[in-house]
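Containing compact mmCIF, C-alpha atoms and all ligand atoms: protein-v6.txt.
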# COMPACT_ATOMS: atom_id res chain seq x y z
CA MET S 1 0.00 0.00 0.00
CA LEU S 2 1.29 3.45 -0.82
CA THR S 3 0.73 6.79 0.86
CA PRO S 4 -1.01 9.41 -1.28
CA SER S 5 2.29 11.25 -1.77
CA GLN S 6 4.12 8.08 -2.85
CA GLN S 7 1.31 7.33 -5.31
CA GLN S 8 1.67 10.85 -6.67
CA LEU S 9 5.45 10.57 -6.90
CA LEU S 10 5.39 7.24 -8.78
CA THR S 11 2.66 8.00 -11.28
CA ARG S 12 3.14 11.63 -12.38
CA THR S 13 5.70 12.10 -15.13
CA GLY S 14 4.98 15.51 -16.66
CA PRO S 15 7.62 18.28 -16.83
CA GLY S 16 8.94 19.26 -13.41
CA THR S 17 7.68 16.20 -11.55
CA PRO S 18 10.37 14.12 -9.77
CA MET S 19 9.49 10.93 -11.69
CA GLY S 20 9.32 12.95 -14.91
CA GLU S 21 12.80 14.29 -14.22
CA LEU S 22 14.07 10.78 -13.53
CA PHE S 23 12.57 9.43 -16.78
CA ARG S 24 14.05 12.37 -18.71
CA ARG S 25 17.54 11.16 -17.78
CA TYR S 26 17.11 8.12 -20.06
CA TRP S 27 16.77 7.69 -23.80
CA VAL S 28 13.05 7.26 -24.38
CA PRO S 29 11.51 4.97 -27.03
CA ALA S 30 9.37 7.63 -28.70
CA LEU S 31 8.01 5.93 -31.81
CA LEU S 32 8.73 3.14 -34.25
CA ALA S 33 11.08 3.74 -37.17
CA GLU S 34 8.31 2.49 -39.47
CA GLU S 35 6.25 5.56 -38.52
CA LEU S 36 8.73 7.85 -40.28
CA ARG S 37 9.79 5.74 -43.21
CA GLU S 38 9.96 8.38 -45.95
CA PRO S 39 11.84 11.67 -46.16
CA ASP S 40 9.25 14.43 -46.50
CA GLY S 41 6.53 11.99 -45.33
CA ALA S 42 3.61 12.92 -43.10
CA PRO S 43 4.54 14.34 -39.69
CA VAL S 44 3.51 12.28 -36.66
CA ARG S 45 2.01 13.49 -33.40
CA VAL S 46 4.09 12.26 -30.47
CA LYS S 47 3.00 12.83 -26.91
CA ILE S 48 5.59 11.64 -24.41
CA LEU S 49 5.77 12.36 -20.68
CA SER S 50 2.83 14.74 -21.14
CA GLU S 51 4.70 16.88 -23.72
CA ARG S 52 3.03 17.35 -27.10
CA LEU S 53 5.54 17.06 -29.91
CA ILE S 54 5.74 16.48 -33.65
CA ALA S 55 8.14 14.04 -35.28
CA PHE S 56 9.11 14.37 -38.91
CA ARG S 57 11.78 13.35 -41.36
CA ASP S 58 13.08 16.06 -43.64
CA SER S 59 14.08 15.94 -47.33
CA ASP S 60 17.57 14.75 -46.36
CA GLY S 61 16.20 11.92 -44.19
CA ARG S 62 17.08 13.65 -40.93
CA TYR S 63 14.77 13.04 -37.98
CA GLY S 64 13.28 15.90 -35.99
CA LEU S 65 11.20 16.01 -32.81
CA ILE S 66 9.91 19.49 -32.10
CA ASP S 67 7.17 21.30 -30.20
CA GLU S 68 3.81 20.47 -31.73
CA PHE S 69 2.68 24.10 -31.92
CA CYS S 70 3.79 26.86 -34.26
CA ALA S 71 5.57 29.73 -32.51
CA HIS S 72 3.47 32.26 -34.41
CA ARG S 73 -0.06 31.64 -33.18
CA GLY S 74 -0.05 28.08 -31.98
CA VAL S 75 -1.32 25.99 -34.90
CA SER S 76 -0.53 22.28 -34.66
CA LEU S 77 2.33 21.47 -36.98
CA TRP S 78 0.73 18.10 -37.59
CA PHE S 79 -1.00 20.04 -40.36
CA GLY S 80 2.37 21.23 -41.61
CA ARG S 81 3.76 20.77 -45.12
CA ASN S 82 6.92 18.70 -44.92
CA GLU S 83 8.93 20.12 -47.80
CA GLN S 84 12.40 21.30 -48.81
CA SER S 85 14.15 20.38 -45.56
CA GLY S 86 11.62 21.72 -43.13
CA LEU S 87 8.10 21.68 -41.79
CA ARG S 88 5.98 24.61 -42.91
CA CYS S 89 2.99 25.76 -40.88
CA PRO S 90 -0.07 25.79 -43.14
CA TYR S 91 -1.52 28.95 -41.57
CA HIS S 92 0.99 31.68 -42.54
CA GLY S 93 3.87 29.62 -43.86
CA TRP S 94 6.42 29.87 -41.05
CA LYS S 95 8.93 27.06 -41.55
CA TYR S 96 11.04 25.04 -39.09
CA ASP S 97 14.00 22.68 -39.51
CA VAL S 98 14.59 19.44 -37.57
CA THR S 99 16.18 21.34 -34.70
CA GLY S 100 13.08 23.51 -34.27
CA GLN S 101 14.88 26.54 -35.68
CA CYS S 102 12.56 28.80 -37.64
CA VAL S 103 14.11 29.19 -41.09
CA GLU S 104 11.49 31.23 -42.90
CA VAL S 105 8.84 33.81 -42.02
CA PRO S 106 7.38 34.80 -45.40
CA SER S 107 5.82 38.04 -44.12
CA GLU S 108 9.09 39.48 -42.78
CA PRO S 109 12.03 40.67 -44.88
CA GLU S 110 14.87 38.17 -44.63
CA ALA S 111 17.30 40.96 -43.79
CA SER S 112 15.36 41.69 -40.60
CA GLY S 113 16.70 38.46 -39.02
CA PHE S 114 13.26 37.96 -37.45
CA CYS S 115 13.05 34.23 -38.06
CA ARG S 116 16.50 33.54 -36.61
CA LYS S 117 15.18 34.64 -33.21
CA ILE S 118 12.39 32.06 -33.29
CA LYS S 119 13.15 28.52 -32.16
CA LEU S 120 10.80 25.79 -31.04
CA LYS S 121 11.66 23.34 -28.30
CA SER S 122 13.28 20.28 -29.85
CA TYR S 123 14.78 16.98 -28.81
CA PRO S 124 17.18 14.63 -30.59
CA LEU S 125 15.60 11.69 -32.39
CA VAL S 126 17.81 8.73 -33.24
CA GLU S 127 17.08 5.37 -34.86
CA ARG S 128 18.30 2.23 -33.17
CA GLY S 129 16.84 -1.26 -33.28
CA GLY S 130 13.75 -0.26 -35.24
CA VAL S 131 12.85 2.35 -32.62
CA LEU S 132 13.25 6.14 -32.70
CA TRP S 133 14.64 7.25 -29.36
CA THR S 134 14.60 10.69 -27.89
CA TYR S 135 16.35 12.30 -24.97
CA MET S 136 14.35 14.97 -23.13
CA GLY S 137 16.65 15.67 -20.19
CA PRO S 138 19.38 18.23 -19.53
CA PRO S 139 21.58 18.22 -22.67
CA ALA S 140 24.81 18.11 -20.66
CA LEU S 141 23.70 14.87 -18.97
CA LYS S 142 22.74 12.96 -22.13
CA PRO S 143 23.91 9.34 -21.78
CA GLU S 144 25.27 7.15 -24.55
CA LEU S 145 22.68 5.44 -26.73
CA PRO S 146 21.02 2.34 -25.29
CA ALA S 147 22.70 -1.01 -25.96
CA PHE S 148 19.96 -3.53 -25.24
CA GLU S 149 20.65 -6.82 -26.98
CA TRP S 150 17.40 -6.58 -28.94
CA ALA S 151 18.37 -3.13 -30.23
CA THR S 152 21.79 -4.22 -31.45
CA VAL S 153 21.10 -7.59 -33.16
CA ALA S 154 20.74 -7.70 -36.95
CA PRO S 155 17.32 -6.42 -38.10
CA ALA S 156 16.28 -9.90 -39.27
CA HIS S 157 16.64 -11.19 -35.69
CA ARG S 158 14.09 -8.75 -34.33
CA TYR S 159 10.51 -7.53 -34.51
CA VAL S 160 9.26 -4.49 -32.58
CA SER S 161 5.75 -3.10 -32.44
CA LYS S 162 3.66 -1.06 -30.02
CA TRP S 163 0.13 -0.60 -28.78
CA LEU S 164 -1.80 2.01 -26.91
CA GLU S 165 -2.67 1.18 -23.31
CA GLN S 166 -5.22 3.46 -21.70
CA CYS S 167 -3.91 3.64 -18.17
CA ASN S 168 -0.99 5.02 -16.20
CA HIS S 169 2.32 3.44 -17.19
CA LEU S 170 3.02 2.12 -13.68
CA GLN S 171 0.07 -0.24 -13.38
CA ALA S 172 0.85 -1.48 -16.89
CA MET S 173 4.49 -2.11 -16.04
CA GLU S 174 3.60 -3.70 -12.73
CA GLY S 175 1.71 -6.33 -14.71
CA GLY S 176 4.92 -7.06 -16.58
CA ILE S 177 6.91 -7.86 -13.46
CA ASP S 178 4.19 -9.85 -11.74
CA SER S 179 5.13 -13.42 -12.73
CA SER S 180 2.39 -15.02 -10.65
CA HIS S 181 -0.52 -13.87 -12.82
CA VAL S 182 0.65 -16.09 -15.71
CA SER S 183 -0.77 -19.13 -13.90
CA PHE S 184 -4.21 -17.50 -13.81
CA LEU S 185 -4.88 -14.75 -16.32
CA HIS S 186 -2.94 -16.43 -19.15
CA ARG S 187 -3.56 -20.03 -18.06
CA PHE S 188 -5.15 -21.46 -21.18
CA ASP S 189 -3.11 -19.45 -23.66
CA VAL S 190 0.53 -19.99 -22.91
CA ASP S 191 0.60 -23.65 -23.93
CA LYS S 192 -1.33 -23.13 -27.19
CA ASP S 193 0.18 -19.90 -28.46
CA PRO S 194 2.56 -20.37 -31.43
CA LEU S 195 5.29 -18.35 -29.69
CA HIS S 196 5.06 -20.42 -26.51
CA ARG S 197 4.11 -23.99 -27.45
CA ASP S 198 6.47 -26.95 -27.83
CA SER S 199 8.14 -25.96 -24.59
CA LEU S 200 7.76 -27.52 -21.16
CA GLY S 201 7.66 -24.04 -19.60
CA PRO S 202 3.92 -23.39 -19.93
CA LYS S 203 3.14 -26.85 -18.54
CA TYR S 204 5.25 -26.21 -15.45
CA SER S 205 3.70 -22.75 -15.02
CA ILE S 206 0.20 -24.18 -15.08
CA ALA S 207 0.99 -27.23 -12.94
CA ASP S 208 2.40 -25.08 -10.14
CA PRO S 209 0.32 -21.93 -9.71
CA ASP S 210 2.19 -20.93 -6.56
CA PRO S 211 5.66 -19.75 -7.64
CA LYS S 212 8.22 -18.76 -5.07
CA LEU S 213 9.56 -15.36 -6.03
CA GLU S 214 13.06 -14.22 -5.25
CA VAL S 215 13.85 -10.69 -6.25
CA SER S 216 17.29 -9.14 -6.08
CA GLU S 217 18.79 -5.88 -7.26
CA SER S 218 20.89 -5.92 -10.41
CA ALA S 219 23.06 -3.13 -11.79
CA ALA S 220 20.28 -2.09 -14.16
CA GLY S 221 17.20 -2.83 -12.09
CA LEU S 222 15.94 -6.12 -10.71
CA LEU S 223 16.34 -9.82 -11.28
CA ILE S 224 12.99 -11.49 -10.77
CA LYS S 225 13.46 -15.19 -10.21
CA SER S 226 10.32 -17.26 -10.10
CA ARG S 227 10.73 -20.84 -8.95
CA ARG S 228 8.17 -23.52 -9.58
CA ASN S 229 8.27 -27.26 -9.04
CA ALA S 230 9.12 -29.05 -12.28
CA ASP S 231 9.04 -32.59 -10.96
CA ALA S 232 10.04 -34.42 -7.79
CA GLY S 233 13.74 -33.58 -8.04
CA ASN S 234 13.82 -30.34 -10.03
CA TYR S 235 12.78 -26.72 -10.01
CA TYR S 236 11.70 -24.69 -13.03
CA TRP S 237 13.27 -21.24 -12.81
CA ARG S 238 12.21 -18.24 -14.84
CA ILE S 239 14.39 -15.17 -14.61
CA THR S 240 12.87 -11.91 -15.80
CA GLN S 241 15.01 -8.81 -16.12
CA TRP S 242 13.55 -5.49 -15.11
CA ILE S 243 15.71 -2.70 -16.44
CA MET S 244 15.18 0.82 -15.20
CA PRO S 245 13.11 2.71 -15.74
CA TRP S 246 10.52 0.73 -17.76
CA TYR S 247 11.87 -2.32 -19.58
CA THR S 248 11.37 -6.02 -19.09
CA LEU S 249 12.84 -9.07 -20.73
CA ILE S 250 10.67 -12.15 -20.38
CA PRO S 251 12.30 -15.59 -20.27
CA PRO S 252 12.04 -17.57 -23.50
CA TYR S 253 9.87 -20.62 -23.98
CA GLY S 254 11.96 -23.23 -25.75
CA ASP S 255 13.83 -21.85 -28.75
CA HIS S 256 11.19 -19.19 -29.32
CA PRO S 257 12.45 -15.60 -29.34
CA ILE S 258 12.98 -13.70 -26.10
CA THR S 259 10.25 -11.13 -25.69
CA GLY S 260 10.12 -7.92 -23.74
CA ASN S 261 8.33 -4.66 -23.21
CA ALA S 262 8.88 -0.99 -22.59
CA TRP S 263 6.09 1.05 -20.98
CA VAL S 264 6.48 4.68 -21.94
CA PRO S 265 4.13 7.29 -20.47
CA ILE S 266 2.19 9.27 -23.06
CA ASP S 267 0.66 11.22 -20.19
CA ASP S 268 -0.45 10.17 -16.72
CA GLU S 269 -3.46 8.22 -18.00
CA SER S 270 -2.07 6.39 -21.03
CA CYS S 271 1.14 4.79 -22.20
CA TRP S 272 2.76 3.15 -25.20
CA VAL S 273 3.54 -0.49 -24.73
CA PHE S 274 6.47 -1.35 -26.97
CA VAL S 275 6.65 -5.08 -27.66
CA ILE S 276 9.95 -6.64 -28.60
CA GLY S 277 10.74 -10.10 -29.89
CA TYR S 278 14.28 -11.15 -30.77
CA HIS S 279 16.57 -14.10 -31.07
CA PRO S 280 20.25 -13.42 -30.35
CA ALA S 281 21.55 -16.34 -32.38
CA ARG S 282 19.38 -16.53 -35.49
CA ALA S 283 17.01 -14.65 -37.73
CA LEU S 284 13.32 -14.91 -36.85
CA THR S 285 11.61 -17.59 -38.91
CA ALA S 286 8.88 -16.56 -41.34
CA HIS S 287 6.45 -18.37 -39.06
CA GLU S 288 7.57 -16.37 -36.01
CA ALA S 289 7.50 -13.05 -37.85
CA THR S 290 4.01 -13.79 -39.15
CA ALA S 291 2.79 -14.76 -35.68
CA MET S 292 4.19 -11.55 -34.19
CA ARG S 293 2.65 -9.39 -36.89
CA ALA S 294 -0.67 -11.17 -36.38
CA GLY S 295 -0.68 -10.33 -32.66
CA GLN S 296 0.21 -13.75 -31.23
CA GLY S 297 2.29 -14.23 -28.10
CA ILE S 298 2.53 -10.91 -26.25
CA PHE S 299 2.06 -9.03 -29.52
CA VAL S 300 -1.19 -7.27 -30.28
CA GLU S 301 -3.47 -7.02 -33.26
CA ASN S 302 -4.03 -3.31 -33.86
CA PHE S 303 -6.52 -1.59 -36.10
CA ASP S 304 -5.01 -1.18 -39.55
CA GLY S 305 -2.84 1.90 -39.81
CA SER S 306 -2.95 2.60 -36.08
CA TYR S 307 -1.50 1.35 -32.84
CA ARG S 308 -4.84 0.92 -31.08
CA PRO S 309 -5.70 -2.71 -30.29
CA ARG S 310 -8.75 -4.23 -31.99
CA ALA S 311 -9.80 -5.65 -28.63
CA ASN S 312 -10.06 -2.61 -26.37
CA ARG S 313 -12.08 -1.12 -23.55
CA ASP S 314 -14.75 0.24 -25.91
CA ASN S 315 -15.72 -3.29 -26.99
CA ASP S 316 -15.01 -4.98 -23.64
CA TYR S 317 -11.95 -6.59 -25.23
CA LEU S 318 -14.33 -8.79 -27.29
CA ILE S 319 -14.94 -10.91 -24.20
CA ASP S 320 -16.25 -14.40 -24.94
CA ARG S 321 -18.13 -15.64 -21.89
CA ALA S 322 -18.92 -19.01 -23.51
CA GLY S 323 -15.22 -19.49 -24.25
CA GLN S 324 -14.44 -18.64 -20.65
CA LYS S 325 -16.94 -21.22 -19.39
CA ALA S 326 -15.70 -23.84 -21.79
CA GLY S 327 -12.10 -23.29 -20.59
CA ARG S 328 -10.76 -21.88 -23.84
CA THR S 329 -9.56 -18.82 -21.92
CA PHE S 330 -9.37 -18.13 -18.21
CA SER S 331 -10.60 -14.56 -18.49
CA GLY S 332 -12.85 -14.77 -21.52
CA VAL S 333 -10.51 -12.42 -23.36
CA LEU S 334 -8.46 -13.81 -26.20
CA GLY S 335 -4.78 -12.91 -26.53
CA ILE S 336 -2.14 -12.45 -23.85
CA SER S 337 -1.72 -8.69 -24.15
CA ALA S 338 -5.46 -8.13 -24.53
CA GLN S 339 -5.87 -10.00 -21.25
CA ASP S 340 -3.26 -7.76 -19.63
CA ALA S 341 -4.92 -4.65 -21.06
CA ALA S 342 -8.34 -5.75 -19.83
CA VAL S 343 -7.30 -6.24 -16.22
CA GLN S 344 -4.92 -3.29 -16.07
CA GLU S 345 -7.25 -0.77 -17.71
CA SER S 346 -10.12 -2.09 -15.58
CA MET S 347 -8.38 -0.54 -12.55
CA GLY S 348 -9.19 2.85 -14.06
CA PRO S 349 -6.70 5.21 -15.69
CA MET S 350 -4.85 5.49 -12.38
CA GLN S 351 -5.00 2.65 -9.87
CA ASP S 352 -5.49 3.94 -6.33
CA ARG S 353 -2.62 2.26 -4.52
CA THR S 354 -3.67 3.65 -1.16
CA LYS S 355 -6.36 0.95 -1.20
CA GLU S 356 -4.38 -2.07 -2.39
CA ASN S 357 -3.37 -5.09 -0.29
CA LEU S 358 -0.11 -6.54 -1.52
CA ALA S 359 0.83 -10.19 -1.05
CA SER S 360 4.14 -12.07 -1.06
CA THR S 361 3.97 -12.54 -4.85
CA ASP S 362 4.05 -8.75 -5.24
CA ASN S 363 7.67 -8.51 -4.11
CA ALA S 364 9.00 -7.43 -7.49
CA ILE S 365 6.42 -4.65 -7.63
CA ILE S 366 7.39 -3.43 -4.17
CA MET S 367 11.09 -3.43 -5.01
CA ALA S 368 10.64 -1.76 -8.39
CA ARG S 369 8.67 1.05 -6.76
CA GLN S 370 11.38 1.44 -4.14
CA ARG S 371 14.10 1.63 -6.77
CA LEU S 372 12.14 4.19 -8.78
CA MET S 373 11.37 6.37 -5.75
CA LYS S 374 14.97 6.22 -4.55
CA ALA S 375 16.34 7.05 -8.01
CA ALA S 376 13.90 9.96 -8.38
CA ALA S 377 14.96 11.32 -4.96
CA ASN S 378 18.61 10.95 -5.89
CA VAL S 379 18.14 12.78 -9.18
CA GLN S 380 16.70 15.69 -7.19
CA LYS S 381 19.95 15.67 -5.18
CA GLY S 382 22.11 15.54 -8.31
CA VAL S 383 22.94 11.82 -8.13
CA ALA S 384 22.80 9.95 -11.45
CA PRO S 385 20.26 7.10 -11.64
CA PRO S 386 21.10 3.44 -12.45
CA ALA S 387 21.07 1.97 -15.97
CA LEU S 388 22.40 5.01 -17.81
CA ASP S 389 25.59 3.14 -18.70
CA PRO S 390 24.90 1.08 -21.86
CA GLU S 391 27.05 -1.73 -20.41
CA THR S 392 24.29 -2.36 -17.87
CA HIS S 393 21.82 -2.98 -20.69
CA LYS S 394 23.67 -6.04 -21.95
CA VAL S 395 21.64 -8.59 -20.04
CA ARG S 396 19.05 -11.16 -21.00
CA SER S 397 16.33 -13.29 -19.47
CA ALA S 398 16.59 -17.05 -19.08
CA ALA S 399 14.65 -20.16 -18.11
CA VAL S 400 16.18 -23.32 -16.71
CA VAL S 401 15.32 -26.56 -14.94
CA LEU S 402 17.76 -27.28 -12.13
CA PRO S 403 18.01 -30.06 -9.57
CA LYS S 404 16.57 -28.83 -6.29
CA ASN S 405 19.94 -29.10 -4.57
CA VAL S 406 21.80 -26.98 -7.13
CA PRO S 407 22.08 -23.33 -6.05
CA PHE S 408 20.54 -21.00 -8.61
CA GLU S 409 23.71 -18.96 -9.20
CA LYS S 410 25.69 -22.11 -9.93
CA GLY S 411 23.14 -23.47 -12.37
CA ILE S 412 22.56 -20.26 -14.24
CA LYS S 413 26.23 -19.21 -14.65
CA ASP S 414 26.53 -16.45 -17.28
CA ALA S 415 23.16 -17.10 -18.93
CA LEU S 416 21.95 -13.65 -17.84
CA THR S 417 24.62 -11.84 -19.84
CA ALA S 418 23.90 -10.85 -23.44
CA ARG S 419 26.36 -12.70 -25.66
CA PRO S 420 26.11 -12.27 -29.42
CA ASP S 421 25.16 -15.46 -31.22
CA VAL S 422 24.80 -17.51 -28.02
CA ILE S 423 21.44 -19.25 -27.73
CA PRO S 424 19.53 -18.15 -24.61
CA MET S 425 19.18 -20.63 -21.78
CA ASN S 426 15.64 -21.88 -22.21
CA VAL S 427 13.10 -24.52 -21.27
S1 LIG S 501 0.27 30.05 -36.82
FE1 LIG S 501 1.86 29.08 -37.85
S2 LIG S 501 2.44 30.49 -39.34
FE2 LIG S 501 0.87 31.52 -38.30
FE FE S 502 0.41 -10.74 -18.48

Could the structure of this file be written out as structure tokens, please?
Amino acid sequence: MLTPSQQQLLTRTGPGTPMGELFRRYWVPALLAEELREPDGAPVRVKILSERLIAFRDSDGRYGLIDEFCAHRGVSLWFGRNEQSGLRCPYHGWKYDVTGQCVEVPSEPEASGFCRKIKLKSYPLVERGGVLWTYMGPPALKPELPAFEWATVAPAHRYVSKWLEQCNHLQAMEGGIDSSHVSFLHRFDVDKDPLHRDSLGPKYSIADPDPKLEVSESAAGLLIKSRRNADAGNYYWRITQWIMPWYTLIPPYGDHPITGNAWVPIDDESCWVFVIGYHPARALTAHEATAMRAGQGIFVENFDGSYRPRANRDNDYLIDRAGQKAGRTFSGVLGISAQDAAVQESMGPMQDRTKENLASTDNAIIMARQRLMKAAANVQKGVAPPALDPETHKVRSAAVVLPKNVPFEKGIKDALTARPDVIPMNV
């Protein structure tokens, strides 16, 4: 249970809030590279951490992320004309380059220098791993670019997408580090799904719905070790990585790709859920890529041309009560991420944590909150937060069956370190 002020601290991420200032110290996944494919293509509205921005790609292919609103009289530059190396406001023709610098004010003589004094807020926008990342913090404190394994493998090894979740980022992310719900919410899906089946993992998860969670701090965030009984002599371990401030890496099922998420606040009542699938040692198969695009596994089927899920709160996530009764799904909702969205959004746009009652399986949630609150307090005191150093990003998740008498650290060895071309430890 949180106090009202802790709830406030953890959930508010707009400019000037402590959590917002913490998040602004990291590179932020802002949009997918596929959203700005073409030079001079359509500009894209990007709202991140409650700031309204416009992303565009100029005639030379350069990326820009600038204030959404024209400095003249506030028209949204989403209506802008993207032409000749700049974005031109459709109202009176003021034009901006990718840095937000105004480069033309048609009504004023060029010699007056008027336009040179006009500059919109702008942030860097850089492509890496199929994602366009921005940095919204103090320029002097900008860290090196992220080096997550999924972002640095060859493009054929990876698929990244995103979907809109209509609730505060924290309750969404807390679902991602809560291993125990898999045995309930996702019970009838994990063993049938094409990105999970043919692995013993789902069978162990279902057979033992009472995992023992051990959570420890890592350099980048947390190691969440969930231990279930495999058989009389062995444990089934799943090790999820939580990387500050909003990433997870989920342990693989068999030789299927590792999957993961990033929950990025749009504002305090909605977030982007980036979904990542990658295999460090091989290209994705056509079958895997098709399944991901079709919204299988933790991927989501969105409406064409948008990132809004087809199953959403306006249609009650297409709940199928007969299917629920017949045991086709536990929740009645089809699809792993749709199930997560249904329960998480059902809490309301902002879960009231002053009324919750946490149990022993919520350890990872408790520790993640503590790490976030501590890091936010430290940033206020001028202390750098964890996981800025790209070296700390080079980790991965793993799953393993170990004899009950083998200590976890001994059995897992260096399986939690990202190693190019090495197959992840999996069950
Ligand atoms: S409002 Fe943009 S040019 Fe006038
Ligand atoms: Fe889930």

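Counting all atoms listed in the file and comparing S:Arg371, S:Tyr317, S:Ala399, S:Cys102, the residue that lies closest to Ile250 in chain S is S:Ala399.
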
Env. residues ligand FE 502 (chain S) / 12 Å / all atoms listed in the file / as a ChimeraX atom specification: /S:171-187,189-190,248,250,260-261,297-299,331,335-344

Excluding range 270-285 of chain S and residues on its chain fewer than 5 positions from it, collect all residues at most 8 Å away from it, counting only C-alpha atoms, and give them as a count of residues only. 38

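Counting from CA of Asp316 in chain S, the distance to CA of Arg328 in chain S is 17.4 Å.
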
Please give the centre and size of the box around ligand LIG 501 (chain S) (axis-aligned, containing every atom listed in the file, 3 Å added per side), with values in Å to one decimal and written as lines of an AutoDock Vina configuration file.
center_x = 1.4
center_y = 30.3
center_z = -38.1
size_x = 8.2
size_y = 8.4
size_z = 8.5

Dump as a JSON list (two decimals) with C-alpha atoms, keeping the file's coordinate frame all residues having an atom at most 8 Å from (10.8, 25.2, -32.4), computed in the file's coordinates with only C-alpha atoms.
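The result, stored in part_3.json:
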[["chain", "number", "residue", "atom", "x", "y", "z"],
["S", 66, "ILE", "CA", 9.91, 19.49, -32.10],
["S", 67, "ASP", "CA", 7.17, 21.30, -30.20],
["S", 70, "CYS", "CA", 3.79, 26.86, -34.26],
["S", 71, "ALA", "CA", 5.57, 29.73, -32.51],
["S", 96, "TYR", "CA", 11.04, 25.04, -39.09],
["S", 99, "THR", "CA", 16.18, 21.34, -34.70],
["S", 100, "GLY", "CA", 13.08, 23.51, -34.27],
["S", 101, "GLN", "CA", 14.88, 26.54, -35.68],
["S", 102, "CYS", "CA", 12.56, 28.80, -37.64],
["S", 118, "ILE", "CA", 12.39, 32.06, -33.29],
["S", 119, "LYS", "CA", 13.15, 28.52, -32.16],
["S", 120, "LEU", "CA", 10.80, 25.79, -31.04],
["S", 121, "LYS", "CA", 11.66, 23.34, -28.30],
["S", 122, "SER", "CA", 13.28, 20.28, -29.85]]

What are the closest atom pairs, with distances in Å to one decimal, for each residue of chain S lying within 9 Å of ligand LIG 501 (chain S), using all atoms listed in the file, rows by chain and rising residue number, as JSON lines?
{"residue": "S:Phe69", "atom": "CA", "partner": "S:LIG501", "partner_atom": "FE1", "distance": 7.8}
{"residue": "S:Cys70", "atom": "CA", "partner": "S:LIG501", "partner_atom": "FE1", "distance": 4.6}
{"residue": "S:Ala71", "atom": "CA", "partner": "S:LIG501", "partner_atom": "FE1", "distance": 6.5}
{"residue": "S:His72", "atom": "CA", "partner": "S:LIG501", "partner_atom": "S1", "distance": 4.6}
{"residue": "S:Arg73", "atom": "CA", "partner": "S:LIG501", "partner_atom": "S1", "distance": 4.0}
{"residue": "S:Gly74", "atom": "CA", "partner": "S:LIG501", "partner_atom": "S1", "distance": 5.2}
{"residue": "S:Val75", "atom": "CA", "partner": "S:LIG501", "partner_atom": "S1", "distance": 4.8}
{"residue": "S:Ser76", "atom": "CA", "partner": "S:LIG501", "partner_atom": "FE1", "distance": 7.9}
{"residue": "S:Leu77", "atom": "CA", "partner": "S:LIG501", "partner_atom": "FE1", "distance": 7.7}
{"residue": "S:Gly80", "atom": "CA", "partner": "S:LIG501", "partner_atom": "FE1", "distance": 8.7}
{"residue": "S:Arg88", "atom": "CA", "partner": "S:LIG501", "partner_atom": "S2", "distance": 7.7}
{"residue": "S:Cys89", "atom": "CA", "partner": "S:LIG501", "partner_atom": "FE1", "distance": 4.6}
{"residue": "S:Pro90", "atom": "CA", "partner": "S:LIG501", "partner_atom": "FE1", "distance": 6.5}
{"residue": "S:Tyr91", "atom": "CA", "partner": "S:LIG501", "partner_atom": "FE2", "distance": 4.8}
{"residue": "S:His92", "atom": "CA", "partner": "S:LIG501", "partner_atom": "S2", "distance": 3.7}
{"residue": "S:Gly93", "atom": "CA", "partner": "S:LIG501", "partner_atom": "S2", "distance": 4.8}
{"residue": "S:Trp94", "atom": "CA", "partner": "S:LIG501", "partner_atom": "S2", "distance": 4.4}
{"residue": "S:Lys95", "atom": "CA", "partner": "S:LIG501", "partner_atom": "S2", "distance": 7.7}
{"residue": "S:Val105", "atom": "CA", "partner": "S:LIG501", "partner_atom": "S2", "distance": 7.7}
{"residue": "S:Pro106", "atom": "CA", "partner": "S:LIG501", "partner_atom": "S2", "distance": 8.9}

List as JSON, numbers by chain the protein and nucleic acid residues near Phe56 in chain S, meaning an atom at most 8 Å away when all atoms listed in the file are counted, but skip any in the same chain fewer than 6 places from it. {"S": [36, 40, 41, 42, 43, 44, 63, 64, 65, 82, 87, 98]}

Min atom-atom distance to Gly137 in chain S from the set S:Tyr204, S:Phe23, S:Trp246, S:Trp78, counting all atoms listed in the file, belongs to S:Phe23

Hey, which of S:Thr152, S:Ser85, S:Asn312, S:Asn234 ends up closest to Lys404 in chain S? Count only C-alpha atoms. S:Asn234

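Nearest to Ile243 in chain S of all the residues S:Met367, S:Val383, S:Val131, S:Leu222 is S:Leu222, based on all atoms listed in the file.
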
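Counting only C-alpha atoms and comparing S:Asp198, S:Asp208, S:Asp267, S:Glu35, the residue that lies closest to Arg52 in chain S is S:Asp267.
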